[in-house]
Amino acid sequence: MARAGQDSLAELEASIGHRFAEKRFLEHALTHVSASAARPDSYERLEFLGDRVLGLAVAHMLYDAFANEREGELSRRLADLVRKETCAEVAESWGVGPFIRLGEGEAQTGGRRKRAILGDICEAIIGAVFLDGGWPAAVAVVRAAFAARMQAPGRKLRDAKTSLQEWAQARRLATPRYRVASRSGPDHAPFFEVAVEVDGFALARGSGASKRAAEQAAAQAFLDREGIETGRQGET
């Protein structure tokens, strides 16, 4: 961990908006598997828990905030807000980078800036808050971090893959097909390149730290190349 001790953690706690009674929860949430002697000591289990806590908390926020919207539109908003990219933005806003515990190899390859790791740690911290302070504390942290993003003008309602699929369907084209073009890196930090195929169009490629992220990047590359506009909040 680049910065240690309770004084340093207090700075991060202030940014998150929760003071931990059990510091070990926060310490586990900041520990990547590459720095852990055993997988249970890393953030992976807390990430699993935090993902579910985040989903429920954001779903409740959306239900209250958009009383006139149908289930489909609420689902699109939910998918946008809880995706790894948004979680990475939140982790960056908290300033978690210097506090992340990484193995030497991961640290040397820029692990503190990797979107996949930052997204995982955001979810792990939410899980840690839930264990430490219960549901009310977790909801307070989620609301503070995600409410402004939920209401942001112009925020995309559809992720790139959904937008591309809907565009293809509207033109009676087959569903876009994704295939992994290459995979590199160690098991704990893989890097994928994915190609997307749409009938009658050239391939588009994208890359990322997970297959899902690479697929989204490939879809976005196709949309950008073809000049396809995607739906945004407030548009009809």
# chains A, B, ... in the order shown; residues from 1 in each chain; ligands from 1
>>> residues_around(residues="range 161-165 of chain A", least_positions_apart="2", cutoff="6 Å", atoms="only C-alpha atoms", output="ChimeraX atom specification")
/A:158-159,167-168,216,219
>>> closest_atom_pairs(of="range 123-181 of chain A", to="range 42-46 of chain A", cutoff="9 Å", atoms="only C-alpha atoms", output="CSV")
residue,atom,partner,partner_atom,distance
A:Glu123,CA,A:Leu46,CA,7.3
A:Ala124,CA,A:Leu46,CA,4.5
A:Ile125,CA,A:Leu46,CA,7.3
A:Ile126,CA,A:Leu46,CA,8.0
A:Gly127,CA,A:Leu46,CA,5.1
A:Ala128,CA,A:Leu46,CA,6.3
>>> residues_around(residues="Gly200 in chain A", least_positions_apart="5", cutoff="12 Å", atoms="only C-alpha atoms", output="MDAnalysis selection string")
chainID A and resid 168 171:174 176
>>> write_last_selection(atoms="N, CA and C atoms", output="JSON list (two decimals), in the first residue's frame")
[["chain", "number", "residue", "atom", "x", "y", "z"],
["A", 168, "ALA", "N", -28.72, -1.92, -35.35],
["A", 168, "ALA", "CA", -28.72, -3.03, -36.32],
["A", 168, "ALA", "C", -30.13, -3.59, -36.50],
["A", 171, "ARG", "N", -32.43, -1.69, -38.72],
["A", 171, "ARG", "CA", -32.12, -1.84, -40.15],
["A", 171, "ARG", "C", -32.26, -3.28, -40.61],
["A", 172, "ARG", "N", -32.86, -4.11, -39.77],
["A", 172, "ARG", "CA", -33.10, -5.52, -40.06],
["A", 172, "ARG", "C", -31.81, -6.28, -40.36],
["A", 173, "LEU", "N", -30.76, -5.90, -39.68],
["A", 173, "LEU", "CA", -29.49, -6.61, -39.78],
["A", 173, "LEU", "C", -29.41, -7.65, -38.67],
["A", 174, "ALA", "N", -28.56, -8.64, -38.86],
["A", 174, "ALA", "CA", -28.36, -9.64, -37.82],
["A", 174, "ALA", "C", -27.72, -8.99, -36.59],
["A", 176, "PRO", "N", -25.19, -7.93, -33.93],
["A", 176, "PRO", "CA", -23.73, -7.83, -34.01],
["A", 176, "PRO", "C", -23.05, -8.99, -33.28]]
>>> residues_around(residues="range 95-103 of chain A", least_positions_apart="4", cutoff="10 Å", atoms="only C-alpha atoms", output="VMD selection string")
chain A and resid 1 to 4 8 to 9 11 to 13 15 to 16 27 to 36 42 88 to 91 107 to 108 110 to 114 117 to 118 121 to 122 125
>>> write_last_selection(atoms="C-alpha atoms", output="PDB file, in the first residue's frame")
ATOM      1  CA  MET A   1       0.000   0.000   0.000  1.00  0.00           C
ATOM      2  CA  ALA A   2       1.489   3.278  -1.007  1.00  0.00           C
ATOM      3  CA  ARG A   3       0.180   5.109   2.024  1.00  0.00           C
ATOM      4  CA  ALA A   4      -0.354   3.399   5.347  1.00  0.00           C
ATOM      5  CA  SER A   8      -3.782   8.257   5.817  1.00  0.00           C
ATOM      6  CA  LEU A   9      -6.884   6.075   5.862  1.00  0.00           C
ATOM      7  CA  GLU A  11      -8.150  11.058   4.572  1.00  0.00           C
ATOM      8  CA  LEU A  12      -9.635   8.397   2.302  1.00  0.00           C
ATOM      9  CA  GLU A  13     -12.535   7.784   4.679  1.00  0.00           C
ATOM     10  CA  SER A  15     -13.451  11.326   0.765  1.00  0.00           C
ATOM     11  CA  ILE A  16     -15.673   8.235   0.758  1.00  0.00           C
ATOM     12  CA  GLU A  27      -7.873  -2.467   4.078  1.00  0.00           C
ATOM     13  CA  HIS A  28      -9.253  -5.634   2.428  1.00  0.00           C
ATOM     14  CA  ALA A  29     -11.222  -3.509  -0.050  1.00  0.00           C
ATOM     15  CA  LEU A  30      -7.967  -1.867  -1.142  1.00  0.00           C
ATOM     16  CA  THR A  31      -5.960  -5.095  -1.518  1.00  0.00           C
ATOM     17  CA  HIS A  32      -5.544  -6.490  -5.032  1.00  0.00           C
ATOM     18  CA  VAL A  33      -5.042 -10.232  -5.409  1.00  0.00           C
ATOM     19  CA  SER A  34      -1.491  -9.601  -6.622  1.00  0.00           C
ATOM     20  CA  ALA A  35      -0.601  -8.249  -3.160  1.00  0.00           C
ATOM     21  CA  SER A  36      -2.461 -10.896  -1.187  1.00  0.00           C
ATOM     22  CA  SER A  42      -7.964  -9.574  -1.349  1.00  0.00           C
ATOM     23  CA  ALA A  88     -13.938   3.558 -11.878  1.00  0.00           C
ATOM     24  CA  GLU A  89     -14.942   7.230 -12.152  1.00  0.00           C
ATOM     25  CA  VAL A  90     -16.246   7.104  -8.590  1.00  0.00           C
ATOM     26  CA  ALA A  91     -13.073   5.439  -7.293  1.00  0.00           C
ATOM     27  CA  ALA A 107       2.266  -1.666  -9.571  1.00  0.00           C
ATOM     28  CA  GLN A 108       4.944  -1.377 -12.259  1.00  0.00           C
ATOM     29  CA  GLY A 110       0.211   1.056 -13.816  1.00  0.00           C
ATOM     30  CA  GLY A 111      -2.314  -0.921 -11.767  1.00  0.00           C
ATOM     31  CA  ARG A 112      -3.397   2.137  -9.794  1.00  0.00           C
ATOM     32  CA  ARG A 113      -4.738   3.698 -12.999  1.00  0.00           C
ATOM     33  CA  LYS A 114      -6.352   0.602 -14.534  1.00  0.00           C
ATOM     34  CA  ILE A 117      -9.088  -2.419 -10.860  1.00  0.00           C
ATOM     35  CA  LEU A 118     -10.559   0.967  -9.932  1.00  0.00           C
ATOM     36  CA  ILE A 121     -12.286  -1.395  -5.717  1.00  0.00           C
ATOM     37  CA  CYS A 122     -15.256   0.978  -5.843  1.00  0.00           C
ATOM     38  CA  ILE A 125     -15.432  -0.329  -0.756  1.00  0.00           C
TER      39      ILE A 125
END
>>> select_by_dssp(residues="range 19-198 of chain A", states="strand (DSSP E)", output="list in words")
Arg177, Tyr178, Arg179, Val180, Ala181, Ser182, Arg183, Ser184, Phe191, Phe192, Glu193, Val194, Ala195, Val196 and Glu197 of chain A
